[in-house]
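Note: the block below is target.csv and it holds CSV, C-alpha atoms.
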chain,number,residue,atom,x,y,z
A,2,MET,CA,-6.3,-16.0,1.1
A,3,ASN,CA,-7.2,-15.5,-2.5
A,4,ILE,CA,-5.2,-12.5,-3.7
A,5,LEU,CA,-4.4,-12.5,-7.4
A,6,LYS,CA,-0.8,-11.8,-8.3
A,7,PRO,CA,0.4,-9.6,-11.3
A,8,GLN,CA,0.0,-11.5,-14.5
A,9,LYS,CA,3.7,-12.2,-15.3
A,10,VAL,CA,3.3,-13.5,-18.9
A,11,PHE,CA,4.5,-10.1,-20.0
A,12,ILE,CA,7.9,-10.2,-18.3
A,13,ASP,CA,9.8,-11.5,-21.3
A,14,ASN,CA,8.5,-8.8,-23.6
A,15,LEU,CA,9.4,-5.7,-21.7
A,16,THR,CA,11.0,-2.7,-23.3
A,17,ALA,CA,13.8,-1.2,-21.1
A,18,ILE,CA,13.2,2.6,-20.8
A,19,LYS,CA,16.1,5.0,-20.7
A,20,ASP,CA,14.1,8.2,-20.7
A,21,PHE,CA,11.2,7.7,-18.3
A,22,LEU,CA,10.1,11.3,-18.4
A,23,LYS,CA,9.7,11.2,-22.2
A,24,GLU,CA,7.7,8.0,-21.9
A,25,LEU,CA,5.3,9.8,-19.6
A,26,GLU,CA,4.3,12.0,-22.5
A,27,GLU,CA,2.0,9.2,-23.4
A,28,ASP,CA,-1.3,8.6,-21.5
A,29,TYR,CA,-1.2,4.8,-21.9
A,30,ILE,CA,2.0,3.0,-21.0
A,31,THR,CA,2.5,-0.7,-21.1
A,32,ASN,CA,5.2,-3.4,-21.2
A,33,ILE,CA,8.0,-1.3,-20.0
A,34,LYS,CA,10.8,-1.9,-17.5
A,35,VAL,CA,12.1,1.1,-15.6
A,36,GLU,CA,15.3,0.6,-13.6
A,37,ASP,CA,17.8,2.7,-11.6
A,38,VAL,CA,16.3,6.1,-12.0
A,39,GLU,CA,15.8,8.8,-9.4
A,40,PHE,CA,13.5,11.8,-9.4
A,41,GLU,CA,12.3,14.3,-6.9
A,42,SER,CA,9.3,16.7,-7.0
A,43,ILE,CA,8.1,15.5,-10.4
A,44,GLU,CA,4.5,15.2,-11.5
A,45,PHE,CA,2.7,12.7,-13.7
A,46,ILE,CA,-1.1,12.3,-13.4
A,47,ASN,CA,-4.0,10.5,-15.1
A,48,LYS,CA,-1.8,7.9,-16.8
A,49,GLU,CA,-2.5,4.2,-17.3
A,50,ILE,CA,0.4,2.0,-16.6
A,51,GLU,CA,0.0,-1.7,-17.2
A,52,ALA,CA,2.1,-4.9,-17.4
A,53,SER,CA,5.4,-3.2,-16.3
A,54,ILE,CA,8.2,-3.5,-13.8
A,55,PHE,CA,9.8,-0.7,-11.7
A,56,ASN,CA,13.1,-1.8,-10.1
A,57,ASN,CA,15.3,0.4,-8.0
A,58,VAL,CA,13.2,3.5,-8.9
A,59,ASN,CA,13.3,6.5,-6.5
A,60,ILE,CA,10.4,9.0,-7.0
A,61,THR,CA,10.1,11.1,-3.9
A,62,LYS,CA,8.2,14.1,-2.9
A,63,SER,CA,6.2,13.9,-6.1
A,64,ASN,CA,2.6,14.0,-7.4
A,65,LEU,CA,1.5,10.8,-9.0
A,66,SER,CA,-2.2,11.4,-8.4
A,67,GLY,CA,-5.0,9.9,-10.6
A,68,ASN,CA,-2.9,7.2,-12.2
A,69,SER,CA,-4.0,3.6,-12.9
A,70,PHE,CA,-1.5,0.8,-12.3
A,71,LYS,CA,-2.5,-2.7,-13.4
A,72,ASP,CA,-0.2,-5.8,-13.3
A,73,VAL,CA,2.7,-3.7,-12.1
A,74,ILE,CA,5.6,-5.0,-10.0
A,75,PHE,CA,7.6,-2.6,-7.8
A,76,THR,CA,10.8,-3.9,-6.3
A,77,ASN,CA,13.4,-2.0,-4.3
A,78,CYS,CA,11.6,1.3,-5.0
A,79,ASN,CA,11.4,4.5,-2.9
A,80,PHE,CA,8.2,6.6,-3.1
A,81,SER,CA,8.6,8.4,0.2
A,82,ASN,CA,6.3,11.5,0.6
A,83,THR,CA,4.8,10.9,-2.8
A,84,SER,CA,1.1,11.4,-3.5
A,85,PHE,CA,-0.8,8.5,-5.0
A,86,GLU,CA,-4.1,10.2,-4.2
A,87,ASN,CA,-7.1,8.9,-6.3
A,88,CYS,CA,-5.0,6.2,-7.9
A,89,SER,CA,-6.0,2.6,-8.8
A,90,PHE,CA,-3.8,-0.4,-8.2
A,91,GLU,CA,-5.0,-3.8,-9.5
A,92,ARG,CA,-2.9,-6.9,-9.3
A,93,CYS,CA,0.2,-5.1,-8.1
A,94,GLU,CA,3.1,-6.0,-5.8
A,95,PHE,CA,5.4,-3.8,-3.7
A,96,THR,CA,8.5,-5.7,-2.5
A,97,ASN,CA,11.2,-4.2,-0.4
A,98,CYS,CA,9.9,-0.8,-1.1
A,99,LYS,CA,9.9,2.5,0.9
A,100,ILE,CA,6.6,4.3,0.9
A,101,VAL,CA,7.1,6.3,4.0
A,102,GLY,CA,4.6,9.2,4.3
A,103,ALA,CA,3.0,8.3,0.9
A,104,ASN,CA,-0.6,9.4,0.4
A,105,PHE,CA,-3.0,6.8,-1.0
A,106,SER,CA,-6.1,8.6,0.1
A,107,ASP,CA,-9.2,8.0,-2.0
A,108,SER,CA,-7.4,5.3,-4.0
A,109,ARG,CA,-8.5,1.8,-4.8
A,110,LEU,CA,-6.3,-1.2,-3.9
A,111,TYR,CA,-7.5,-4.5,-5.3
A,112,ASN,CA,-5.4,-7.6,-5.3
A,113,VAL,CA,-2.3,-5.9,-4.0
A,114,GLY,CA,0.6,-7.4,-2.0
A,115,VAL,CA,3.0,-5.3,0.1
A,116,PHE,CA,6.0,-7.4,1.2
A,117,ILE,CA,9.0,-6.5,3.4
A,118,SER,CA,8.4,-2.8,3.0
A,119,ASN,CA,8.5,0.4,5.0
A,120,ALA,CA,5.1,2.1,5.0
A,121,ASN,CA,5.5,4.2,8.1
A,122,TYR,CA,3.1,7.3,8.2
A,123,ILE,CA,1.3,6.0,5.1
A,124,ASN,CA,-2.1,7.7,4.6
A,125,LEU,CA,-4.9,5.4,3.4
A,126,SER,CA,-7.8,7.6,4.2
A,127,MET,CA,-11.1,6.7,2.4
A,128,ALA,CA,-9.2,4.2,0.2
A,129,GLN,CA,-11.1,1.2,-1.1
A,130,ILE,CA,-9.0,-1.8,0.2
A,131,GLU,CA,-10.0,-5.2,-1.0
A,132,LYS,CA,-7.9,-8.4,-1.2
A,133,VAL,CA,-4.7,-6.7,0.1
A,134,LEU,CA,-1.9,-8.4,2.0
A,135,PHE,CA,0.6,-6.5,4.2
A,136,ASN,CA,3.4,-9.0,4.9
A,137,ASP,CA,6.4,-8.4,7.1
A,138,THR,CA,5.7,-4.7,6.5
A,139,VAL,CA,6.2,-1.7,8.9
A,140,LEU,CA,3.1,0.4,9.2
A,141,ARG,CA,4.0,2.5,12.2
A,142,ASN,CA,1.9,5.7,12.6
A,143,SER,CA,-0.1,4.7,9.5
A,144,TYR,CA,-3.6,6.2,9.0
A,145,PHE,CA,-6.7,4.3,8.0
A,146,GLN,CA,-9.8,6.5,7.9
A,147,GLU,CA,-13.3,5.6,6.8
A,148,ASN,CA,-12.1,2.4,5.1
A,149,LYS,CA,-14.1,-0.6,4.3
A,150,LEU,CA,-11.6,-3.4,4.7
A,151,LYS,CA,-12.6,-6.6,2.7
A,152,ASN,CA,-10.3,-9.6,2.7
A,153,VAL,CA,-7.4,-7.6,4.1
A,154,PHE,CA,-4.5,-9.5,5.8
A,155,PHE,CA,-1.8,-8.3,8.2
A,156,GLU,CA,1.0,-10.9,8.5
A,157,LYS,CA,3.8,-10.0,10.8
A,158,ALA,CA,3.0,-6.4,10.3
A,159,ASP,CA,4.1,-3.6,12.6
A,160,LEU,CA,1.1,-1.4,13.4
A,161,THR,CA,2.6,0.4,16.3
A,162,ALA,CA,0.7,3.7,16.9
A,163,ALA,CA,-1.4,3.1,13.8
A,164,THR,CA,-4.8,4.9,13.7
A,165,PHE,CA,-8.0,3.3,12.6
A,166,PHE,CA,-10.8,5.9,12.5
A,167,LYS,CA,-14.3,4.8,11.5
A,168,THR,CA,-12.8,1.7,10.0
A,169,SER,CA,-14.1,-1.7,11.2
A,170,LEU,CA,-11.6,-4.4,11.9
A,171,ASP,CA,-14.2,-7.1,12.2
A,172,LYS,CA,-12.8,-10.5,11.2
A,173,ILE,CA,-9.3,-8.9,10.6
A,174,ASP,CA,-6.6,-11.1,12.1
A,175,LEU,CA,-4.0,-9.0,13.9
A,176,SER,CA,-2.8,-11.9,16.1
A,177,ASP,CA,0.8,-12.1,14.7
A,178,SER,CA,1.2,-8.3,14.2
A,179,VAL,CA,2.4,-5.6,16.6
A,180,ILE,CA,-0.4,-3.3,17.7
A,181,GLU,CA,1.2,-1.5,20.6
A,182,GLY,CA,-0.2,2.0,20.9
A,183,ILE,CA,-2.8,1.4,18.2
A,184,SER,CA,-5.5,4.1,18.2
A,185,VAL,CA,-9.0,2.6,17.5
A,186,ALA,CA,-12.5,2.9,18.8
A,187,LEU,CA,-14.2,0.1,20.7
A,188,GLU,CA,-16.8,-0.2,18.0
A,189,ASP,CA,-14.1,-0.6,15.3
A,190,ILE,CA,-12.0,-3.2,17.0
A,191,LYS,CA,-15.1,-5.3,17.8
A,192,GLY,CA,-14.7,-8.7,16.0
A,193,ALA,CA,-11.0,-8.4,15.3
A,194,ILE,CA,-8.8,-11.4,16.0
A,195,VAL,CA,-6.0,-10.8,18.6
A,196,ASN,CA,-3.9,-12.9,20.8
A,197,GLN,CA,-3.9,-12.9,24.6
A,198,ILE,CA,-0.9,-10.5,25.0
A,199,GLN,CA,-2.5,-8.0,22.6
A,200,VAL,CA,-5.5,-7.7,24.8
A,201,MET,CA,-3.4,-5.6,27.1
A,202,ASP,CA,-2.7,-3.2,24.3
A,203,LEU,CA,-6.5,-2.7,24.0
A,204,ILE,CA,-7.6,-2.6,27.6
A,205,TYR,CA,-7.6,1.2,27.5
A,206,LEU,CA,-10.8,1.0,25.4
A,207,LEU,CA,-12.6,-0.2,28.5
A,208,GLY,CA,-11.6,2.7,30.5
A,209,VAL,CA,-10.0,0.6,33.3
A,210,LYS,CA,-6.6,0.6,34.8
A,211,VAL,CA,-4.6,-2.6,35.4
A,212,LYS,CA,-2.5,-2.8,38.6
How does this structure look as C-alpha cells?
Amino acid sequence: MNILKPQKVFIDNLTAIKDFLKELEEDYITNIKVEDVEFESIEFINKEIEASIFNNVNITKSNLSGNSFKDVIFTNCNFSNTSFENCSFERCEFTNCKIVGANFSDSRLYNVGVFISNANYINLSMAQIEKVLFNDTVLRNSYFQENKLKNVFFEKADLTAATFFKTSLDKIDLSDSVIEGISVALEDIKGAIVNQIQVMDLIYLLGVKVK
C-alpha cells in the first residue's frame, strides 16, 4: 500500500482562524487551522485550500462544491449531508469524522485516507478514486457508481447494503470487511478477493438457493 500522507511540514506554521467565513472571502487559502466552529447551510465553492487542519469542525447541510483540498487534515469533523461535488482531494486524511450522506460525486480522491469514520449513505458516483484507504470505517448504504477503482483498500470496513453499479471490484480485497447485503453485478464482483463466509453473501448472483 503506497498512499501518500499529507505533508505535515506545515503544522508548526499554521494560523489559527477565528472568523472562518471571512477567510473564505479569499479564493486561495493556506496554512490555517480551523477549530471548534459550527455552521449549517452555508456555501463556499471553487476555493483552493492547502496545508491546513480542520479540527472539531461541523459544517452540515452545506454546499462545498468545486473546491480543491491539498495536504488537508480533517479530525473529529462533521460534514453530514454536505455536498463536495466536483471537488479534488489530494493527500488528505479524515479521522474520526462523520460524512453521513455527503455527496462526493464527480470528485477526485487521490492519496486519501479515511480512518475510524462514519460514511453511511455517502455518494461517490462517478468519482475518480485512486490510492484511497477506508480503514475501520462504516460505509453502510454507500453508493459507488461508474467508478474506476485503482489501488483502493477496504480494511475492516462495513459495506453492509453498499451499492456498486458499473464499478469493477477486480483485485479489490474485501476479505476483512462486512459485505452483507451488498448490491453488485456478477461482472463487477469478478476478481474481487473475499473470504469463504462472504461467498454466502454473494451466492444470490448465481441465481441459486441454498437449503
What's around A:Asp159 at 8 Å? Count all atoms listed in the file, leave out sequence neighbours fewer than 4 positions away in its own chain, and write the answer as a PyMOL selection string. chain A and resi 137-141+178-180
Can I get the selected residues back with C-alpha atoms, as a tab-separated table (two decimals), in the coordinates of the input?
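And here is the file that came out, again-v4.tsv:
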chain	number	residue	atom	x	y	z
A	137	ASP	CA	6.40	-8.40	7.10
A	138	THR	CA	5.70	-4.70	6.50
A	139	VAL	CA	6.20	-1.70	8.90
A	140	LEU	CA	3.10	0.40	9.20
A	141	ARG	CA	4.00	2.50	12.20
A	178	SER	CA	1.20	-8.30	14.20
A	179	VAL	CA	2.40	-5.60	16.60
A	180	ILE	CA	-0.40	-3.30	17.70
Shortest contact to A:Asn47, candidates A:Ser81, A:Thr16, A:Ser89, A:Asn148, atoms counted all atoms listed in the file, goes to A:Ser89
Just give me the residues with any atom within 12 Å of (2.4, 7.9, -22.0), file coordinates, counting all atoms listed in the file, written as a ChimeraX atom specification. /A:20-33,45-51,68-69
What is the distance between atom CA of A:Ser66 and atom CA of A:Leu170, in Å to one decimal?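 Result for atom CA of A:Ser66 versus atom CA of A:Leu170: 27.4 Å, one decimal.
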Can you pull out the residues contacting A:Leu5? Cut-off 10 Å, using all atoms listed in the file, and skip same-chain residues under 6 positions away; I want them as a list in words.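 Once the nearby chain positions are removed, what remains is Asp72, Glu91, Arg92, Cys93, Tyr111, Asn112, Val113, Gly114, Lys132 and Val133 of chain A.
In this comparison, which uses only C-alpha atoms, the residue of A:Ala158, A:Val58, A:Ile74, A:Val115 approaching A:Ile4 most closely is A:Val115.
One finds atom CA of A:Arg109 at 13.0 Å from atom CA of A:Val153.
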Between atom CA of A:Ile60 and atom CA of A:Gln129, what is the distance, to one decimal in Å?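 Here the two named atoms are 23.6 Å from each other.
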Top pick for closest residue to A:Cys88, considering A:Asn3, A:Asn142, A:Ser169, A:Asn104 and counting all atoms listed in the file: A:Asn104
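When only C-alpha atoms are used to measure the gap to A:Val73, the shortest distance among A:Ile130, A:Ile12, A:Ala103, A:Ala120 belongs to A:Ile12.
Checking A:Ala162, A:Leu187, A:Leu175, A:Leu125 one by one against A:Tyr144, counting only C-alpha atoms, you find the shortest gap at A:Leu125.
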